[in-house]
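The structure file protein_13.cif is reproduced below (mmCIF, C-alpha atoms).
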data_my_file
loop_
_atom_site.group_PDB
_atom_site.id
_atom_site.type_symbol
_atom_site.label_atom_id
_atom_site.label_comp_id
_atom_site.auth_asym_id
_atom_site.auth_seq_id
_atom_site.Cartn_x
_atom_site.Cartn_y
_atom_site.Cartn_z
ATOM 1 C CA MET A 1 -17.395 1.747 21.228
ATOM 2 C CA SER A 2 -19.020 -1.667 21.019
ATOM 3 C CA PRO A 3 -16.821 -4.806 20.958
ATOM 4 C CA ASP A 4 -18.089 -5.633 17.451
ATOM 5 C CA TRP A 5 -17.038 -2.243 16.122
ATOM 6 C CA HIS A 6 -13.717 -2.549 17.969
ATOM 7 C CA GLN A 7 -12.906 -5.710 16.057
ATOM 8 C CA ARG A 8 -14.190 -4.323 12.782
ATOM 9 C CA LEU A 9 -11.965 -1.264 12.992
ATOM 10 C CA LEU A 10 -8.911 -3.401 13.637
ATOM 11 C CA SER A 11 -9.749 -5.515 10.589
ATOM 12 C CA LEU A 12 -10.242 -2.376 8.472
ATOM 13 C CA LEU A 13 -6.655 -1.368 9.321
ATOM 14 C CA ALA A 14 -5.323 -4.460 7.526
ATOM 15 C CA PRO A 15 -4.264 -2.539 4.354
ATOM 16 C CA TRP A 16 -1.701 -0.662 6.469
ATOM 17 C CA ASN A 17 -0.085 -3.935 7.647
ATOM 18 C CA LEU A 18 0.523 -2.723 11.185
ATOM 19 C CA SER A 19 2.269 -5.100 13.555
ATOM 20 C CA THR A 20 -0.044 -6.071 16.432
ATOM 21 C CA PRO A 21 -2.387 -3.060 16.172
ATOM 22 C CA ARG A 22 -4.515 -2.218 19.189
ATOM 23 C CA LEU A 23 -6.922 0.620 19.885
ATOM 24 C CA ALA A 24 -5.671 2.645 22.832
ATOM 25 C CA ALA A 25 -8.492 5.199 23.138
ATOM 26 C CA GLU A 26 -11.106 7.098 21.214
ATOM 27 C CA LEU A 27 -10.034 10.727 20.884
ATOM 28 C CA THR A 28 -13.430 12.166 20.008
ATOM 29 C CA ASP A 29 -16.947 11.910 21.295
ATOM 30 C CA LEU A 30 -19.568 10.654 18.883
ATOM 31 C CA GLY A 31 -19.165 13.421 16.306
ATOM 32 C CA ASP A 32 -21.425 14.296 13.440
ATOM 33 C CA ARG A 33 -18.603 14.246 10.865
ATOM 34 C CA SER A 34 -16.006 11.739 12.031
ATOM 35 C CA ARG A 35 -14.591 9.544 14.799
ATOM 36 C CA VAL A 36 -10.917 9.366 15.744
ATOM 37 C CA TRP A 37 -8.908 6.753 17.661
ATOM 38 C CA ARG A 38 -5.369 6.469 18.969
ATOM 39 C CA VAL A 39 -3.822 3.284 17.580
ATOM 40 C CA GLU A 40 -0.821 1.616 19.177
ATOM 41 C CA SER A 41 1.293 -0.942 17.345
ATOM 42 C CA ASP A 42 4.789 -2.388 17.279
ATOM 43 C CA ASN A 43 5.466 0.104 14.460
ATOM 44 C CA GLY A 44 4.604 3.046 16.702
ATOM 45 C CA PRO A 45 1.599 5.211 17.577
ATOM 46 C CA TYR A 46 -0.885 6.361 14.938
ATOM 47 C CA VAL A 47 -4.290 7.979 14.681
ATOM 48 C CA ALA A 48 -7.155 6.322 12.794
ATOM 49 C CA LYS A 49 -9.883 8.622 11.486
ATOM 50 C CA LEU A 50 -13.238 7.441 10.172
ATOM 51 C CA THR A 51 -14.916 10.233 8.218
ATOM 52 C CA PHE A 52 -18.631 10.040 7.463
ATOM 53 C CA ASP A 53 -18.150 10.908 3.813
ATOM 54 C CA ALA A 54 -17.034 9.193 0.614
ATOM 55 C CA PRO A 55 -13.341 8.969 -0.336
ATOM 56 C CA ALA A 56 -13.765 11.404 -3.225
ATOM 57 C CA PHE A 57 -14.480 14.182 -0.707
ATOM 58 C CA VAL A 58 -11.888 13.108 1.879
ATOM 59 C CA GLU A 59 -8.829 12.179 -0.168
ATOM 60 C CA PRO A 60 -8.030 15.709 -1.465
ATOM 61 C CA GLY A 61 -7.537 16.948 2.100
ATOM 62 C CA LEU A 62 -5.284 13.981 2.844
ATOM 63 C CA ARG A 63 -3.146 14.769 -0.189
ATOM 64 C CA ILE A 64 -2.913 18.438 0.785
ATOM 65 C CA ALA A 65 -1.809 17.468 4.301
ATOM 66 C CA ALA A 66 0.830 15.155 2.839
ATOM 67 C CA VAL A 67 2.231 17.913 0.595
ATOM 68 C CA LEU A 68 2.504 20.322 3.517
ATOM 69 C CA ASP A 69 4.115 17.706 5.742
ATOM 70 C CA ARG A 70 6.786 17.024 3.134
ATOM 71 C CA ALA A 71 7.424 20.780 3.020
ATOM 72 C CA GLY A 72 8.175 20.834 6.742
ATOM 73 C CA ILE A 73 4.795 21.885 8.156
ATOM 74 C CA ARG A 74 3.580 19.122 10.424
ATOM 75 C CA THR A 75 0.014 18.056 9.689
ATOM 76 C CA GLY A 76 -0.413 14.572 11.117
ATOM 77 C CA ALA A 77 0.078 13.397 7.551
ATOM 78 C CA PRO A 78 -1.726 10.320 6.222
ATOM 79 C CA ILE A 79 0.171 7.028 6.276
ATOM 80 C CA PRO A 80 0.066 5.221 2.912
ATOM 81 C CA THR A 81 -1.292 1.709 2.685
ATOM 82 C CA LEU A 82 0.863 -1.082 1.271
ATOM 83 C CA ASP A 83 -0.365 -0.247 -2.231
ATOM 84 C CA GLY A 84 0.272 3.495 -1.820
ATOM 85 C CA GLY A 85 -3.293 4.641 -1.157
ATOM 86 C CA LEU A 86 -4.052 7.243 1.488
ATOM 87 C CA CYS A 87 -7.452 5.939 2.567
ATOM 88 C CA ARG A 88 -9.903 3.095 2.226
ATOM 89 C CA PRO A 89 -13.683 3.125 1.707
ATOM 90 C CA VAL A 90 -15.774 1.619 4.470
ATOM 91 C CA ASP A 91 -18.883 0.027 3.020
ATOM 92 C CA ARG A 92 -22.246 0.525 4.690
ATOM 93 C CA PRO A 93 -25.569 -1.288 4.305
ATOM 94 C CA LYS A 94 -27.182 1.905 2.985
ATOM 95 C CA GLY A 95 -25.871 5.159 1.542
ATOM 96 C CA HIS A 96 -22.434 6.112 0.272
ATOM 97 C CA PRO A 97 -19.329 4.574 1.847
ATOM 98 C CA TRP A 98 -17.398 6.240 4.643
ATOM 99 C CA THR A 99 -13.627 6.733 4.580
ATOM 100 C CA LEU A 100 -10.895 5.405 6.858
ATOM 101 C CA ALA A 101 -7.418 6.943 6.985
ATOM 102 C CA LEU A 102 -4.413 6.343 9.204
ATOM 103 C CA HIS A 103 -2.386 9.368 10.300
ATOM 104 C CA ALA A 104 0.951 10.017 11.920
ATOM 105 C CA PHE A 105 0.557 10.675 15.619
ATOM 106 C CA ILE A 106 1.648 14.184 16.613
ATOM 107 C CA PRO A 107 2.713 14.451 20.256
ATOM 108 C CA GLY A 108 1.895 17.609 22.133
ATOM 109 C CA ALA A 109 -1.072 19.599 23.359
ATOM 110 C CA PRO A 110 -3.371 22.241 21.867
ATOM 111 C CA LEU A 111 -1.695 25.638 21.652
ATOM 112 C CA ASP A 112 -2.704 27.764 24.627
ATOM 113 C CA LEU A 113 -4.372 30.678 22.858
ATOM 114 C CA THR A 114 -4.366 32.818 25.989
ATOM 115 C CA THR A 115 -0.556 33.105 26.159
ATOM 116 C CA ASP A 116 1.205 36.309 25.189
ATOM 117 C CA THR A 117 2.908 34.714 22.174
ATOM 118 C CA ALA A 118 -0.117 32.884 20.731
ATOM 119 C CA PRO A 119 -1.123 35.593 18.185
ATOM 120 C CA GLU A 120 2.344 35.628 16.636
ATOM 121 C CA GLN A 121 2.629 31.843 16.684
ATOM 122 C CA ALA A 122 -0.746 31.324 15.007
ATOM 123 C CA GLY A 123 -0.201 34.107 12.470
ATOM 124 C CA ASP A 124 3.202 32.744 11.511
ATOM 125 C CA LEU A 125 1.776 29.236 11.120
ATOM 126 C CA LEU A 126 -1.107 30.251 8.868
ATOM 127 C CA GLY A 127 1.200 32.483 6.821
ATOM 128 C CA ARG A 128 3.573 29.562 6.290
ATOM 129 C CA VAL A 129 0.689 27.280 5.314
ATOM 130 C CA HIS A 130 -0.786 29.711 2.784
ATOM 131 C CA HIS A 131 2.620 30.588 1.337
ATOM 132 C CA ALA A 132 3.480 26.926 0.877
ATOM 133 C CA LEU A 133 0.158 26.074 -0.747
ATOM 134 C CA MET A 134 0.541 29.000 -3.168
ATOM 135 C CA THR A 135 4.136 28.236 -4.173
ATOM 136 C CA LEU A 136 4.703 24.485 -3.963
ATOM 137 C CA PRO A 137 4.369 22.548 -7.232
ATOM 138 C CA ASP A 138 1.517 20.102 -7.793
ATOM 139 C CA VAL A 139 -0.611 21.106 -4.799
ATOM 140 C CA PRO A 140 -3.783 18.963 -4.952
ATOM 141 C CA GLN A 141 -7.069 20.705 -5.594
ATOM 142 C CA PRO A 142 -9.605 20.522 -2.745
ATOM 143 C CA ALA A 143 -12.998 18.987 -3.377
ATOM 144 C CA GLY A 144 -15.021 22.146 -2.732
ATOM 145 C CA ARG A 145 -15.240 25.783 -3.830
ATOM 146 C CA MET A 146 -16.144 27.942 -0.852
ATOM 147 C CA LEU A 147 -17.959 30.822 -2.562
ATOM 148 C CA ALA A 148 -19.904 28.490 -4.842
ATOM 149 C CA TYR A 149 -20.909 26.397 -1.834
ATOM 150 C CA TYR A 150 -22.189 29.421 0.088
ATOM 151 C CA LYS A 151 -24.057 30.607 -2.997
ATOM 152 C CA GLY A 152 -25.873 27.276 -3.053
ATOM 153 C CA GLU A 153 -26.552 27.550 0.687
ATOM 154 C CA ALA A 154 -28.049 31.016 0.245
ATOM 155 C CA LYS A 155 -30.419 29.616 -2.363
ATOM 156 C CA ARG A 156 -31.312 26.661 -0.162
ATOM 157 C CA LEU A 157 -32.019 28.894 2.845
ATOM 158 C CA GLY A 158 -34.577 30.918 0.908
ATOM 159 C CA ARG A 159 -35.236 34.590 0.392
ATOM 160 C CA ARG A 160 -35.403 35.662 4.036
ATOM 161 C CA ARG A 161 -32.895 33.448 5.848
ATOM 162 C CA GLY A 162 -30.377 33.606 3.011
ATOM 163 C CA ALA A 163 -30.599 37.382 2.489
ATOM 164 C CA ALA A 164 -27.517 38.370 4.526
ATOM 165 C CA LEU A 165 -25.474 35.612 2.939
ATOM 166 C CA ARG A 166 -26.456 36.752 -0.560
ATOM 167 C CA ARG A 167 -25.573 40.366 0.283
ATOM 168 C CA ALA A 168 -22.152 39.330 1.557
ATOM 169 C CA LEU A 169 -21.441 37.255 -1.547
ATOM 170 C CA THR A 170 -22.579 40.082 -3.836
ATOM 171 C CA ALA A 171 -20.304 42.555 -2.033
ATOM 172 C CA ILE A 172 -17.324 40.198 -2.444
ATOM 173 C CA ALA A 173 -18.052 39.743 -6.139
ATOM 174 C CA ASP A 174 -18.243 43.514 -6.597
ATOM 175 C CA PHE A 175 -14.964 44.049 -4.709
ATOM 176 C CA ARG A 176 -13.189 41.524 -6.954
ATOM 177 C CA THR A 177 -14.021 43.627 -10.022
ATOM 178 C CA ARG A 178 -12.065 46.542 -8.509
ATOM 179 C CA ALA A 179 -9.263 45.012 -6.438
ATOM 180 C CA PRO A 180 -7.277 41.778 -6.092
ATOM 181 C CA LEU A 181 -8.486 39.067 -3.760
ATOM 182 C CA SER A 182 -5.980 36.217 -3.634
ATOM 183 C CA GLU A 183 -7.504 32.764 -3.805
ATOM 184 C CA GLY A 184 -6.013 29.423 -2.923
ATOM 185 C CA VAL A 185 -6.388 26.338 -0.762
ATOM 186 C CA LEU A 186 -8.131 27.149 2.523
ATOM 187 C CA TYR A 187 -7.753 25.223 5.746
ATOM 188 C CA GLY A 188 -11.453 25.932 6.080
ATOM 189 C CA ASP A 189 -12.169 24.994 9.690
ATOM 190 C CA PRO A 190 -13.029 28.099 11.783
ATOM 191 C CA ALA A 191 -11.658 26.328 14.878
ATOM 192 C CA PRO A 192 -8.105 25.388 13.847
ATOM 193 C CA GLU A 193 -6.525 22.408 15.568
ATOM 194 C CA ILE A 194 -3.067 23.757 16.405
ATOM 195 C CA LEU A 195 -0.772 21.506 18.426
ATOM 196 C CA GLN A 196 2.441 22.501 20.181
ATOM 197 C CA ASP A 197 5.093 19.842 20.662
ATOM 198 C CA PRO A 198 6.204 18.887 24.183
ATOM 199 C CA ASP A 199 9.336 21.056 23.872
ATOM 200 C CA ALA A 200 7.214 24.089 22.859
ATOM 201 C CA THR A 201 9.455 24.633 19.841
ATOM 202 C CA ALA A 202 7.187 23.777 16.901
ATOM 203 C CA LEU A 203 3.544 23.862 15.898
ATOM 204 C CA ALA A 204 1.444 21.432 13.893
ATOM 205 C CA LEU A 205 -1.841 22.057 12.096
ATOM 206 C CA ILE A 206 -3.853 18.853 12.041
ATOM 207 C CA ASP A 207 -7.313 17.814 10.795
ATOM 208 C CA TRP A 208 -7.370 18.690 7.099
ATOM 209 C CA GLY A 209 -10.883 17.327 6.737
ATOM 210 C CA SER A 210 -12.545 20.428 5.266
ATOM 211 C CA PRO A 211 -10.177 22.260 2.901
ATOM 212 C CA SER A 212 -11.698 24.223 0.059
ATOM 213 C CA TRP A 213 -10.739 26.804 -2.561
ATOM 214 C CA GLY A 214 -11.501 30.460 -1.964
ATOM 215 C CA PRO A 215 -10.234 33.866 -0.796
ATOM 216 C CA LEU A 216 -7.307 33.367 1.574
ATOM 217 C CA LEU A 217 -8.600 36.222 3.720
ATOM 218 C CA HIS A 218 -11.389 33.866 4.779
ATOM 219 C CA ASP A 219 -8.911 31.775 6.774
ATOM 220 C CA VAL A 220 -7.292 34.957 8.107
ATOM 221 C CA VAL A 221 -10.602 36.323 9.392
ATOM 222 C CA SER A 222 -11.632 32.962 10.868
ATOM 223 C CA TRP A 223 -8.363 32.561 12.768
ATOM 224 C CA GLN A 224 -8.419 36.149 14.028
ATOM 225 C CA LEU A 225 -11.918 35.671 15.406
ATOM 226 C CA PHE A 226 -10.943 32.324 16.944
ATOM 227 C CA LEU A 227 -8.008 33.930 18.756
ATOM 228 C CA ALA A 228 -9.875 37.062 19.815
ATOM 229 C CA ALA A 229 -12.715 35.020 21.323
ATOM 230 C CA ARG A 230 -10.241 33.582 23.819
ATOM 231 C CA GLN A 231 -8.963 36.954 24.994
ATOM 232 C CA PRO A 232 -10.581 39.668 27.110
ATOM 233 C CA PRO A 233 -12.700 41.942 24.859
ATOM 234 C CA GLU A 234 -10.389 44.902 25.428
ATOM 235 C CA ALA A 235 -7.385 42.853 24.244
ATOM 236 C CA ALA A 236 -9.014 41.515 21.073
ATOM 237 C CA PRO A 237 -8.037 44.370 18.680
ATOM 238 C CA ALA A 238 -4.358 44.129 19.663
ATOM 239 C CA VAL A 239 -4.445 40.332 19.341
ATOM 240 C CA GLU A 240 -5.878 40.591 15.825
ATOM 241 C CA ARG A 241 -3.238 43.151 14.773
ATOM 242 C CA ARG A 242 -0.384 41.052 16.122
ATOM 243 C CA PHE A 243 -1.723 37.940 14.410
ATOM 244 C CA LEU A 244 -2.009 39.795 11.102
ATOM 245 C CA THR A 245 1.500 41.275 11.371
ATOM 246 C CA ALA A 246 2.977 37.803 11.848
ATOM 247 C CA TYR A 247 0.878 36.407 8.999
ATOM 248 C CA ARG A 248 1.890 39.158 6.570
ATOM 249 C CA ALA A 249 5.552 38.599 7.387
ATOM 250 C CA ARG A 250 5.125 35.150 5.830
ATOM 251 C CA ARG A 251 2.606 36.068 3.106
ATOM 252 C CA PRO A 252 2.623 39.768 2.267
ATOM 253 C CA ILE A 253 -0.767 41.277 1.366
ATOM 254 C CA SER A 254 -1.236 44.674 -0.226
ATOM 255 C CA GLU A 255 -3.273 47.290 1.596
ATOM 256 C CA ARG A 256 -5.642 47.288 -1.360
ATOM 257 C CA GLU A 257 -6.386 43.607 -0.863
ATOM 258 C CA MET A 258 -6.640 44.095 2.895
ATOM 259 C CA ASP A 259 -9.595 46.417 2.214
ATOM 260 C CA GLY A 260 -11.542 43.243 1.466
ATOM 261 C CA ARG A 261 -11.097 41.903 4.987
ATOM 262 C CA ASP A 262 -14.327 43.455 6.266
ATOM 263 C CA LEU A 263 -16.245 41.777 3.432
ATOM 264 C CA LEU A 264 -14.945 38.351 4.476
ATOM 265 C CA LEU A 265 -15.829 39.237 8.057
ATOM 266 C CA ASP A 266 -19.389 40.029 6.915
ATOM 267 C CA LEU A 267 -19.494 36.696 5.098
ATOM 268 C CA HIS A 268 -18.333 34.852 8.207
ATOM 269 C CA ARG A 269 -21.028 36.505 10.320
ATOM 270 C CA ALA A 270 -23.707 35.867 7.700
ATOM 271 C CA VAL A 271 -22.791 32.182 7.619
ATOM 272 C CA GLN A 272 -22.929 31.922 11.410
ATOM 273 C CA ASP A 273 -26.282 33.724 11.547
ATOM 274 C CA ALA A 274 -27.772 31.634 8.738
ATOM 275 C CA TRP A 275 -26.890 28.388 10.486
ATOM 276 C CA THR A 276 -28.080 29.493 13.919
ATOM 277 C CA PRO A 277 -31.439 27.835 14.631
ATOM 278 C CA GLU A 278 -34.312 30.284 14.736
ATOM 279 C CA PRO A 279 -36.081 30.592 18.094
ATOM 280 C CA PRO A 280 -39.461 28.870 18.274
ATOM 281 C CA THR A 281 -42.442 31.059 17.543
ATOM 282 C CA ASP A 282 -45.360 31.545 19.931
ATOM 283 C CA ALA A 283 -48.191 29.456 18.517
ATOM 284 C CA GLY A 284 -50.710 31.716 20.185
ATOM 285 C CA ALA A 285 -49.398 34.925 18.673
#
What would you get if you wrote out this structure as structure tokens?
Amino acid sequence: MSPDWHQRLLSLLAPWNLSTPRLAAELTDLGDRSRVWRVESDNGPYVAKLTFDAPAFVEPGLRIAAVLDRAGIRTGAPIPTLDGGLCRPVDRPKGHPWTLALHAFIPGAPLDLTTDTAPEQAGDLLGRVHHALMTLPDVPQPAGRMLAYYKGEAKRLGRRRGAALRRALTAIADFRTRAPLSEGVLYGDPAPEILQDPDATALALIDWGSPSWGPLLHDVVSWQLFLAARQPPEAAPAVERRFLTAYRARRPISEREMDGRDLLLDLHRAVQDAWTPEPPTDAGA
């Protein structure tokens, strides 16, 4: 980080009125969506996050994280400014403004997904998150609608590259005419940032930068795949079952709704395939 940007970031933190703020370290490489820094101050440690998007698209996730944190699920909740706001726009010479937010610092390390208890821990956490977001009053609405977004992506990708995505979306729409498919606020990120505190007694789910509204089974499928990818192939089916058992203990799902899981799995794969760059063609062919 250049010295000029170092000073600018400290000045942008003024609305939070921190006592003697100083940047301890950058916690991310140069990302394509955001940059994150550890901030030390006389008030305590914090995390500053600069998101490369306008406040209208960032603030809903901050409000969702705050609601969950108040309900007892640690999220690295946003710290309000002196006037009660959760973020500030960062003007740029060209294009829409970016967004700066200050978050509570969550001590701990990423959950070791290879341990024997990880499937149950992750399943319990996601079940608690979904249950809370479905039952708490006044849960903020996320900025995006997942299925509508993917429908637009399928159109943008064109007839050939978007074909699998369109088939998956059509199958989901057909299923919903015959069986329930619970919708709600999704965490959204297929690589959940789960932290375990130093005493290994509690988990936190941080980085609520991409929540959306859609079938809750989408998060379930994404987390199962994320866990299974970090286990030997022969252990993956058992890991997925154990995760799902723990999840359903917190948010029961009927077997009829569970029949839709494979459709969300197809959607996940179609999205991954659609966004995988095509190999270069042989110009001489």
Open item on the list: If I take atom CA of A:Ala200 and atom CA of A:Ala118, how far is one from the other in Å, to one decimal?
Closed with: 11.6 Å
Report as CSV the residues of stretch 178-278 of chain A within 12 Å of stretch 93-111 of chain A, each with its shortest atom pair and distance in Å (one decimal), using only C-alpha atoms, ordered by chain and increasing residue number.
residue,atom,partner,partner_atom,distance
A:Ala191,CA,A:Pro110,CA,11.6
A:Pro192,CA,A:Pro110,CA,9.8
A:Glu193,CA,A:Pro110,CA,7.0
A:Ile194,CA,A:Pro110,CA,5.7
A:Leu195,CA,A:Pro110,CA,4.4
A:Gln196,CA,A:Gly108,CA,5.3
A:Asp197,CA,A:Gly108,CA,4.2
A:Pro198,CA,A:Gly108,CA,4.9
A:Asp199,CA,A:Gly108,CA,8.4
A:Ala200,CA,A:Gly108,CA,8.4
A:Thr201,CA,A:Gly108,CA,10.6
A:Ala202,CA,A:Gly108,CA,9.7
A:Leu203,CA,A:Leu111,CA,8.0
A:Ala204,CA,A:Ile106,CA,7.7
A:Leu205,CA,A:Ile106,CA,9.7
A:Ile206,CA,A:Ile106,CA,8.5
A:Asp207,CA,A:His103,CA,9.8
A:Trp208,CA,A:His103,CA,11.0
A:Gly209,CA,A:Ala101,CA,10.9
A:Leu227,CA,A:Leu111,CA,10.8
A:Arg230,CA,A:Leu111,CA,11.9
Task: Ground truth for the PyMOL selection byres ((chain A and resi 182) around 8), written as JSON, numbers by chain - done: {"A": [180, 181, 183, 184, 215, 216, 217, 257]}
Task: Among listed residues A:Val139, A:Arg161, A:His130, A:Glu59, nearest A:Ile253 (using all atoms listed in the file) - done: A:His130
- [ ] Name the residues that the PyMOL selection byres ((chain A and resi 81) around 10) pulls out of this structure, and write them as a PyMOL selection string.
- [x] chain A and resi 13-18+78-80+82-88+101-102
- [ ] Considering all atoms listed in the file, state which residue in the set A:Tyr247, A:Phe57, A:Tyr46, A:Phe175 is at the smallest distance from A:Gly260.
- [x] A:Phe175
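Straight-line separation from atom CA of A:Arg251 to atom CA of A:Asp219: 12.8 Å.
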- [ ] Can you turn the PyMOL selection byres ((chain A and resi 38) around 10) into a concrete residue list for this file, as a list in words?
- [x]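 Taken on the displayed file, the PyMOL selection byres ((chain A and resi 38) around 10) yields the residues Arg22, Leu23, Ala24, Ala25, Glu26, Leu27, Thr28, Val36, Trp37, Val39, Glu40, Pro45, Tyr46, Val47, Ala48, Lys49, Leu102, His103 and Phe105 of chain A.
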